[in-house]
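**Student:** Have a peek at structure.txt (compact mmCIF, C-alpha atoms and all ligand atoms).
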# COMPACT_ATOMS: atom_id res chain seq x y z
CA MET A 1 -217.04 29.88 -14.18
CA GLU A 2 -213.91 27.79 -13.69
CA THR A 3 -213.73 25.82 -10.51
CA VAL A 4 -211.01 23.86 -8.87
CA ALA A 5 -211.49 21.19 -6.28
CA LYS A 6 -209.12 22.42 -3.60
CA LYS A 7 -207.43 20.71 -0.79
CA ASN A 8 -207.77 23.21 2.01
CA PHE A 9 -204.25 24.49 1.73
CA THR A 10 -203.08 27.97 2.42
CA LYS A 11 -199.68 28.91 1.14
CA THR A 12 -198.55 29.48 4.72
CA GLU A 13 -198.62 25.72 5.23
CA PHE A 14 -195.56 25.54 2.97
CA ARG A 15 -192.08 26.90 3.60
CA LEU A 16 -190.95 28.40 0.31
CA GLY A 17 -187.47 27.41 -0.85
CA GLN A 18 -185.14 27.74 -3.80
CA PHE A 19 -186.27 29.33 -7.08
CA LEU A 20 -186.23 26.69 -9.83
CA SER A 21 -187.52 28.27 -12.99
CA SER A 22 -189.53 31.06 -14.53
CA THR A 23 -192.81 30.04 -16.15
CA LEU A 24 -194.99 31.79 -18.70
CA GLN A 25 -197.08 33.49 -16.00
CA GLY A 26 -194.96 33.27 -12.87
CA GLU A 27 -192.36 30.97 -11.37
CA ILE A 28 -191.60 27.58 -9.88
CA ARG A 29 -190.03 27.18 -6.45
CA LEU A 30 -189.17 24.32 -4.19
CA ALA A 31 -191.24 24.24 -1.00
CA VAL A 32 -191.66 22.03 2.02
CA ASN A 33 -195.01 21.03 3.44
CA VAL A 34 -194.49 21.98 7.11
CA SER A 35 -196.92 19.35 8.38
CA ASN A 36 -195.10 16.33 6.93
CA ASN A 37 -191.78 17.67 5.56
CA GLU A 38 -192.71 16.54 2.06
CA GLU A 39 -190.64 18.27 -0.62
CA VAL A 40 -192.90 19.77 -3.29
CA ILE A 41 -192.78 22.40 -5.98
CA VAL A 42 -195.11 25.35 -6.10
CA LYS A 43 -196.10 26.80 -9.45
CA THR A 44 -197.15 30.40 -8.87
CA THR A 45 -199.28 32.12 -11.50
CA ARG A 46 -200.08 35.82 -11.42
CA LYS A 47 -203.83 36.39 -11.49
CA ASN A 48 -203.57 39.54 -13.61
CA LEU A 49 -201.78 37.56 -16.36
CA HIS A 50 -204.11 34.59 -15.97
CA SER A 51 -207.20 36.76 -16.49
CA THR A 52 -205.84 38.28 -19.70
CA LYS A 53 -204.43 34.94 -20.98
CA LYS A 54 -201.05 36.62 -21.54
CA SER A 55 -197.54 35.50 -20.69
CA ALA A 56 -195.22 37.71 -18.64
CA ARG A 57 -193.77 38.82 -21.99
CA GLY A 58 -197.17 39.85 -23.34
CA ARG A 59 -197.74 36.88 -25.69
CA ASN A 60 -201.20 35.30 -25.95
CA ILE A 61 -201.06 31.85 -24.37
CA LYS A 62 -203.32 28.82 -23.97
CA GLU A 63 -201.93 27.58 -20.65
CA ASN A 64 -204.41 27.80 -17.78
CA ILE A 65 -203.29 26.94 -14.24
CA ILE A 66 -206.82 26.15 -13.03
CA LYS A 67 -207.40 23.70 -15.86
CA GLU A 68 -203.94 22.24 -15.27
CA SER A 69 -204.66 21.82 -11.58
CA ASN A 70 -207.97 20.05 -12.29
CA ILE A 71 -206.32 17.70 -14.79
CA LEU A 72 -203.42 16.85 -12.49
CA LYS A 73 -205.80 16.26 -9.58
CA LYS A 74 -208.00 13.98 -11.65
CA ILE A 75 -205.19 11.80 -13.04
CA SER A 76 -203.42 11.73 -9.66
CA GLU A 77 -206.57 10.39 -7.99
CA LYS A 78 -207.21 7.90 -10.77
CA GLY A 79 -203.63 6.65 -10.68
CA LYS A 80 -203.32 6.64 -6.88
CA ASN A 81 -202.25 3.02 -6.71
CA VAL A 82 -200.49 2.92 -10.05
CA PRO A 83 -196.75 3.60 -10.03
CA MET A 84 -196.90 5.91 -13.01
CA GLY A 85 -194.48 8.41 -14.46
CA PHE A 86 -196.15 11.73 -13.86
CA VAL A 87 -195.81 14.20 -10.99
CA ARG A 88 -198.68 14.00 -8.49
CA PHE A 89 -201.08 16.75 -7.47
CA VAL A 90 -200.52 17.94 -3.90
CA GLY A 91 -202.81 20.95 -3.56
CA PHE A 92 -204.04 24.28 -4.81
CA ALA A 93 -204.35 27.66 -3.10
CA GLU A 94 -204.86 31.29 -4.00
CA ASP A 95 -204.57 34.77 -2.54
CA ASN A 96 -205.41 38.16 -4.03
CA GLU A 97 -202.44 38.17 -6.39
CA ASN A 98 -201.62 34.58 -7.27
CA TYR A 99 -202.73 31.02 -7.82
CA TYR A 100 -200.49 28.35 -6.28
CA LEU A 101 -200.36 24.82 -7.66
CA PHE A 102 -198.46 22.41 -5.38
CA GLU A 103 -197.03 19.28 -7.00
CA GLU A 104 -194.74 16.44 -6.08
CA TYR A 105 -191.11 17.46 -6.75
CA GLY A 106 -189.80 15.33 -9.61
CA GLY A 107 -186.13 16.35 -9.88
CA ILE A 108 -184.15 17.95 -12.70
CA SER A 109 -185.42 18.24 -16.27
CA LEU A 110 -184.30 15.71 -18.87
CA MET A 111 -182.68 18.62 -20.69
CA THR A 112 -180.38 19.23 -17.69
CA PHE A 113 -179.83 15.49 -17.22
CA LEU A 114 -178.84 15.19 -20.87
CA LYS A 115 -176.34 18.05 -20.61
CA GLN A 116 -174.80 16.41 -17.54
CA SER A 117 -174.70 12.83 -18.83
CA PHE A 118 -174.18 12.84 -22.60
CA HIS A 119 -170.93 11.23 -23.76
CA LYS A 120 -169.89 10.48 -20.22
CA PRO A 121 -167.11 7.85 -20.35
CA ASN A 122 -169.35 4.95 -21.17
CA PHE A 123 -171.77 5.56 -24.01
CA GLU A 124 -173.30 2.11 -23.56
CA THR A 125 -174.39 2.98 -20.03
CA TYR A 126 -175.81 6.27 -21.27
CA ASN A 127 -177.76 4.36 -23.94
CA MET A 128 -179.20 2.05 -21.30
CA HIS A 129 -180.42 5.06 -19.34
CA ILE A 130 -182.17 6.38 -22.42
CA GLN A 131 -183.87 3.07 -23.10
CA TYR A 132 -185.03 2.94 -19.49
CA ILE A 133 -186.36 6.53 -19.66
CA ILE A 134 -188.19 5.86 -22.92
CA GLN A 135 -189.84 2.77 -21.49
CA ILE A 136 -191.25 4.83 -18.62
CA LEU A 137 -192.44 7.58 -20.97
CA VAL A 138 -194.09 5.05 -23.29
CA ASN A 139 -195.86 3.28 -20.41
CA THR A 140 -197.00 6.59 -18.95
CA LEU A 141 -198.25 7.89 -22.28
CA TYR A 142 -200.10 4.62 -22.79
CA TYR A 143 -201.71 5.07 -19.38
CA LEU A 144 -202.67 8.71 -20.08
CA HIS A 145 -204.06 7.97 -23.56
CA CYS A 146 -205.76 4.65 -22.93
CA HIS A 147 -206.84 4.83 -19.26
CA CYS A 148 -207.31 8.56 -18.67
CA SER A 149 -208.32 9.66 -22.23
CA LEU A 150 -205.80 12.47 -21.84
CA CYS A 151 -203.30 13.86 -24.35
CA HIS A 152 -200.35 15.79 -22.97
CA LEU A 153 -199.70 17.97 -26.03
CA ASP A 154 -196.51 19.57 -24.72
CA LEU A 155 -194.06 16.69 -24.31
CA SER A 156 -190.46 17.87 -24.42
CA LEU A 157 -187.13 17.37 -22.68
CA GLU A 158 -188.03 20.31 -20.42
CA ASN A 159 -191.35 18.78 -19.39
CA VAL A 160 -189.93 15.45 -18.21
CA VAL A 161 -188.12 15.40 -14.87
CA ILE A 162 -185.78 12.83 -13.37
CA ASN A 163 -184.58 12.37 -9.82
CA PRO A 164 -180.80 12.04 -10.31
CA LYS A 165 -180.45 9.81 -7.23
CA THR A 166 -183.35 7.39 -7.64
CA LYS A 167 -183.52 7.78 -11.47
CA ILE A 168 -187.32 7.93 -11.22
CA VAL A 169 -188.69 9.68 -14.31
CA LYS A 170 -191.92 11.72 -14.43
CA ILE A 171 -193.82 13.82 -16.93
CA CYS A 172 -194.80 17.31 -15.72
CA ASP A 173 -196.49 20.45 -17.08
CA PHE A 174 -200.04 19.48 -18.00
CA GLY A 175 -200.84 23.11 -18.88
CA LEU A 176 -201.83 22.31 -22.48
CA SER A 177 -203.27 18.84 -21.92
CA LEU A 178 -206.71 17.90 -23.17
CA PHE A 179 -209.17 15.17 -22.28
CA PHE A 180 -210.84 13.65 -25.28
CA ASN A 181 -214.20 11.92 -25.15
CA LYS A 182 -216.46 9.96 -27.44
CA GLN A 183 -218.63 12.97 -28.41
CA GLN A 184 -215.59 14.69 -29.87
CA ASN A 185 -214.78 11.72 -32.06
CA THR A 186 -215.42 12.07 -35.74
CA ASN A 187 -215.14 8.31 -35.97
CA GLN A 188 -214.67 5.69 -33.28
CA ASN A 189 -210.90 5.98 -33.12
CA THR A 190 -209.91 9.52 -33.86
CA PHE A 191 -209.90 12.59 -31.70
CA LEU A 192 -209.37 15.63 -33.88
CA CYS A 193 -207.69 18.50 -32.14
CA THR A 194 -207.42 22.03 -33.46
CA GLN A 195 -205.29 23.50 -30.71
CA TYR A 196 -201.90 24.30 -32.28
CA CYS A 197 -199.61 23.60 -29.39
CA GLY A 198 -196.31 22.76 -27.82
CA LYS A 199 -192.80 23.76 -28.79
CA PRO A 200 -192.11 24.05 -32.54
CA PHE A 201 -189.21 21.51 -32.39
CA TYR A 202 -191.60 18.85 -31.09
CA ALA A 203 -194.61 19.58 -33.32
CA ALA A 204 -195.64 16.83 -35.75
CA PRO A 205 -196.03 17.70 -39.47
CA GLU A 206 -199.84 17.72 -39.25
CA VAL A 207 -199.60 20.16 -36.30
CA VAL A 208 -197.16 22.39 -38.19
CA SER A 209 -199.48 22.47 -41.21
CA LYS A 210 -202.31 23.59 -38.90
CA ARG A 211 -204.87 20.98 -39.91
CA PRO A 212 -207.02 19.29 -37.27
CA PHE A 213 -204.90 16.43 -35.94
CA ASP A 214 -205.07 13.33 -33.76
CA ALA A 215 -203.61 14.59 -30.48
CA ARG A 216 -202.50 11.10 -29.44
CA LEU A 217 -200.34 10.71 -32.53
CA ALA A 218 -198.94 14.21 -31.99
CA ASP A 219 -197.81 13.06 -28.51
CA VAL A 220 -196.14 10.02 -30.11
CA TRP A 221 -194.26 12.28 -32.54
CA ALA A 222 -193.00 14.44 -29.65
CA LEU A 223 -191.83 11.23 -27.94
CA GLY A 224 -189.82 10.42 -31.08
CA VAL A 225 -188.17 13.84 -30.98
CA ILE A 226 -187.29 13.28 -27.31
CA LEU A 227 -185.75 9.86 -28.09
CA PHE A 228 -183.76 11.14 -31.06
CA THR A 229 -182.49 14.17 -29.14
CA MET A 230 -181.41 12.07 -26.17
CA LEU A 231 -179.58 9.60 -28.41
CA CYS A 232 -177.79 12.13 -30.60
CA CYS A 233 -177.75 15.19 -28.35
CA VAL A 234 -179.04 17.22 -31.27
CA GLN A 235 -182.59 17.92 -32.46
CA PRO A 236 -183.56 15.80 -35.49
CA PHE A 237 -184.77 18.88 -37.39
CA SER A 238 -185.81 22.48 -36.74
CA LYS A 239 -189.32 22.14 -38.11
CA ALA A 240 -191.43 19.23 -39.38
CA ASP A 241 -191.79 20.82 -42.78
CA LEU A 242 -190.42 19.70 -46.16
CA ASN A 243 -188.42 22.94 -46.43
CA ASP A 244 -186.29 21.59 -43.60
CA GLU A 245 -183.63 19.39 -45.21
CA ARG A 246 -183.17 17.10 -42.21
CA PHE A 247 -186.92 16.54 -41.92
CA ASP A 248 -187.09 15.74 -45.65
CA CYS A 249 -184.20 13.28 -45.28
CA ILE A 250 -185.74 11.47 -42.28
CA MET A 251 -189.21 11.24 -43.85
CA ASP A 252 -187.59 9.86 -46.98
CA GLY A 253 -186.34 6.91 -44.89
CA LYS A 254 -182.72 8.13 -44.92
CA MET A 255 -182.09 8.71 -41.23
CA ASN A 256 -178.86 6.69 -41.53
CA ILE A 257 -177.38 9.34 -43.83
CA LEU A 258 -177.99 11.97 -41.17
CA LEU A 259 -176.57 9.78 -38.40
CA ASP A 260 -173.50 9.08 -40.55
CA HIS A 261 -173.06 12.78 -41.14
CA TRP A 262 -173.04 13.40 -37.38
CA GLY A 263 -170.77 10.42 -36.69
CA MET A 264 -173.53 8.77 -34.64
CA GLN A 265 -174.38 5.81 -36.87
CA ASP A 266 -172.41 3.23 -34.85
CA TYR A 267 -173.61 4.49 -31.47
CA ILE A 268 -177.36 4.28 -31.95
CA PRO A 269 -178.87 0.84 -31.21
CA GLU A 270 -180.65 -0.76 -34.19
CA ASP A 271 -183.84 -1.22 -32.13
CA ALA A 272 -183.91 2.51 -31.37
CA LYS A 273 -183.53 3.33 -35.07
CA ASP A 274 -186.36 0.94 -35.87
CA LEU A 275 -188.63 2.63 -33.33
CA LEU A 276 -187.74 6.10 -34.60
CA ASN A 277 -188.56 5.02 -38.14
CA LEU A 278 -192.02 3.89 -36.98
CA ILE A 279 -192.64 7.22 -35.24
CA PHE A 280 -191.25 9.62 -37.85
CA LYS A 281 -194.07 8.91 -40.30
CA TYR A 282 -196.94 11.03 -41.53
CA GLU A 283 -199.98 10.85 -39.29
CA ASN A 284 -201.90 8.11 -41.12
CA GLU A 285 -198.89 5.75 -41.03
CA ARG A 286 -197.54 6.56 -37.59
CA THR A 287 -197.57 3.79 -35.00
CA SER A 288 -199.80 4.44 -32.00
CA ILE A 289 -198.79 4.07 -28.37
CA ASP A 290 -200.68 0.79 -27.85
CA LYS A 291 -198.33 -0.81 -30.42
CA ILE A 292 -195.20 1.03 -29.27
CA ILE A 293 -195.45 -0.51 -25.77
CA PHE A 294 -194.72 -3.89 -27.42
CA HIS A 295 -191.75 -2.66 -29.47
CA LYS A 296 -188.53 -4.53 -28.64
CA TYR A 297 -186.62 -1.33 -27.75
CA VAL A 298 -189.28 -0.62 -25.12
CA ARG A 299 -189.86 -4.19 -23.97
CA ASN A 300 -186.16 -4.93 -23.50
CA ALA A 301 -185.34 -1.83 -21.47
CA PRO A 302 -183.07 -2.46 -18.48
CA ILE A 303 -184.15 -1.67 -14.93
CA ILE A 304 -182.02 1.17 -13.60
CA LEU A 305 -182.43 2.15 -9.98
N1 LIG B 401 -193.17 18.84 -10.40
C1 LIG B 401 -191.98 19.29 -10.84
N2 LIG B 401 -190.83 18.83 -10.31
C2 LIG B 401 -189.62 19.29 -10.72
N3 LIG B 401 -189.47 20.25 -11.68
C3 LIG B 401 -190.58 20.75 -12.24
C4 LIG B 401 -191.89 20.30 -11.87
N4 LIG B 401 -192.79 20.99 -12.60
C5 LIG B 401 -192.09 21.80 -13.40
N5 LIG B 401 -190.76 21.67 -13.19
C6 LIG B 401 -189.67 22.36 -13.89
O1 LIG B 401 -190.01 23.72 -14.11
C7 LIG B 401 -190.07 23.99 -15.51
C8 LIG B 401 -191.21 24.95 -15.81
O2 LIG B 401 -192.44 24.40 -15.36
P1 LIG B 401 -193.67 24.16 -16.33
O3 LIG B 401 -194.77 23.56 -15.54
O4 LIG B 401 -193.18 23.38 -17.50
O5 LIG B 401 -194.04 25.64 -16.75
P2 LIG B 401 -194.44 26.25 -18.17
O6 LIG B 401 -195.90 25.97 -18.31
O7 LIG B 401 -194.13 27.69 -18.08
O8 LIG B 401 -193.65 25.54 -19.23
C9 LIG B 401 -190.24 22.63 -16.19
O9 LIG B 401 -189.71 22.65 -17.50
C10 LIG B 401 -189.49 21.70 -15.25
O10 LIG B 401 -188.11 21.66 -15.58
MG MG B 402 -193.17 23.52 -19.52
What does the file become when written as structure tokens?
**Tutor:**
Amino acid sequence: METVAKKNFTKTEFRLGQFLSSTLQGEIRLAVNVSNNEEVIVKTTRKNLHSTKKSARGRNIKENIIKESNILKKISEKGKNVPMGFVRFVGFAEDNENYYLFEEYGGISLMTFLKQSFHKPNFETYNMHIQYIIQILVNTLYYLHCHCSLCHLDLSLENVVINPKTKIVKICDFGLSLFFNKQQNTNQNTFLCTQYCGKPFYAAPEVVSKRPFDARLADVWALGVILFTMLCCVQPFSKADLNDERFDCIMDGKMNILLDHWGMQDYIPEDAKDLLNLIFKYENERTSIDKIIFHKYVRNAPIIL
């Protein structure tokens, strides 16, 4: 039986506000905690869909709001005093029809931010924003992997939010995340995951080929796709599969040819290209997050507030 450690919230303690987005099993709305005026989001999940593990469109899905709530609660408590880039757990409630997960409101998605900011008059400033965002994502992923033993497994531009005023960046949507532990290790350093997950654009080659994979390195690959997409405003490839010409080109060490083709070669900082080339590697050669935190593109990020 699944359990969730609840704060004793009822949904009546929140004033529901603007609709933000549909989700696989419900919706996300802004809400205000009436006791302290804190702005939060509430992720509502329909119990009938949850019990059949189906999305509103009838697809089988792996997301599970109760598991997500437990994960978010656990990492929020663990990171209470750590200024980390993920949205915090606020509470959980249920009634006959729905589950309600309350979370800190993190702002607009990076996808929306990108659409609003790309190629704005000064590309250099835009580049600095990207470097700053990537530094936060790298530090947060390092924290999740190395301090919480958690893999996100669904990193994407949609699942990172940014407050446009404060520019604070946070990862959200832990619906597919997994804790790994020593018993699951086949050797001391590898956690083999068999859950095919995330959005196809962001899936690493070993995930696409449906072999058991190291979930931490799959997160790193998705981070590379996020970085590339933010820099070029186009996805690096449609699928991490050799039938995809752009994937073939990048894995062959010829990213510059692609960038030239798109007229982006002169815009992308050399350090960013170097980092991308370390990430867009097959699993056994890909750089892990504990090395990426020391990469010069990450280390030299500007502070933007
Ligand atoms: N805490 C949050 N703050 C702001 N926006 C959020 C937050 N959580 C989710 N969102 C937005 O709502 C969208 C859908 O929520 P998400 O949790 O990703 O649902 P799904 O599991 O269906 O993908 C996200 O892509 C994000 O843009
Ligand atoms: Mg999502």
**Student:** With distances taken over all atoms listed in the file, which residue among A:Lys80, A:Arg88, A:Arg15, A:Lys165 lies nearest ligand LIG 401 (chain B)?
**Tutor:**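 Comparing A:Lys80, A:Arg88, A:Arg15, A:Lys165 against ligand LIG 401 (chain B), the winner is A:Arg88.
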**Student:** Can you tell me how far CA of His261 (chain A) sits from CA of Cys233 (chain A), in Å to one decimal?
**Tutor:**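 These two atoms are separated by 13.8 Å.
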**Student:** Residues contacting ligand LIG 401 (chain B) - anything with an atom at most 7 Å away, using all atoms listed in the file - can you give me those as a list in words?
**Tutor:**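 What falls inside 7 Å of ligand LIG 401 (chain B) is Leu20, Ser21, Ser22, Thr23, Leu24, Gln25, Ile28, Ile41, Glu63, Val87, Glu103, Glu104, Tyr105, Gly106, Gly107, Ile108, Ser109, Glu158, Asn159, Val160, Val161, Cys172, Asp173 and Gly175 of chain A.
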**Student:** May I have the protein, DNA and RNA residues with an atom at most 6 Å from (-198.8, 24.0, -6.9), counting only C-alpha atoms in the file's coordinates, returned as a list in words?
**Tutor:** Val42, Lys43, Phe92, Tyr100, Leu101, Phe102 and Glu103 of chain A
**Student:** Give me, as a PDB file with C-alpha atoms, in the coordinates of the input, all polymer residues having an atom no more than 10 Å from Gln195 (chain A), counting all atoms listed in the file and skipping those fewer than 5 positions away in the same chain.
**Tutor:**
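The result, written out as selection_20.pdb:
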ATOM      1  CA  LYS A  62    -203.320  28.820 -23.970  1.00  0.00           C
ATOM      2  CA  LEU A 153    -199.700  17.970 -26.030  1.00  0.00           C
ATOM      3  CA  LEU A 176    -201.830  22.310 -22.480  1.00  0.00           C
ATOM      4  CA  LEU A 178    -206.710  17.900 -23.170  1.00  0.00           C
ATOM      5  CA  VAL A 207    -199.600  20.160 -36.300  1.00  0.00           C
ATOM      6  CA  LYS A 210    -202.310  23.590 -38.900  1.00  0.00           C
ATOM      7  CA  ARG A 211    -204.870  20.980 -39.910  1.00  0.00           C
ATOM      8  CA  PRO A 212    -207.020  19.290 -37.270  1.00  0.00           C
ATOM      9  CA  PHE A 213    -204.900  16.430 -35.940  1.00  0.00           C
ATOM     10  CA  ALA A 215    -203.610  14.590 -30.480  1.00  0.00           C
TER      11      ALA A 215
END
**Student:** For CA of Leu141 (chain A) and CA of Thr166 (chain A), determine how far apart the two atoms are, in Å to one decimal place.
**Tutor:**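 Distance between the two atoms: 20.9 Å.
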**Student:** Got a sec: who's within 10 Å of Leu110 (chain A), counting only C-alpha atoms, leaving out chain neighbours fewer than 3 positions off, as a list in words?
**Tutor:** Gly107, Phe113, Leu114, Lys115, Gln116, Ile133, Ser156, Leu157, Glu158, Asn159, Val160, Val161, Ile162, Asn163, Pro164, Val169, Lys170, Ile171, Ile226 and Met230 of chain A
**Student:** When distances are computed from only C-alpha atoms and all ligand atoms, which of A:Phe201, A:Phe174, A:Tyr297, A:Phe280 shows the smallest separation from ligand MG 402 (chain B)?
**Tutor:**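 Smallest distance to ligand MG 402 (chain B) is found for A:Phe174.
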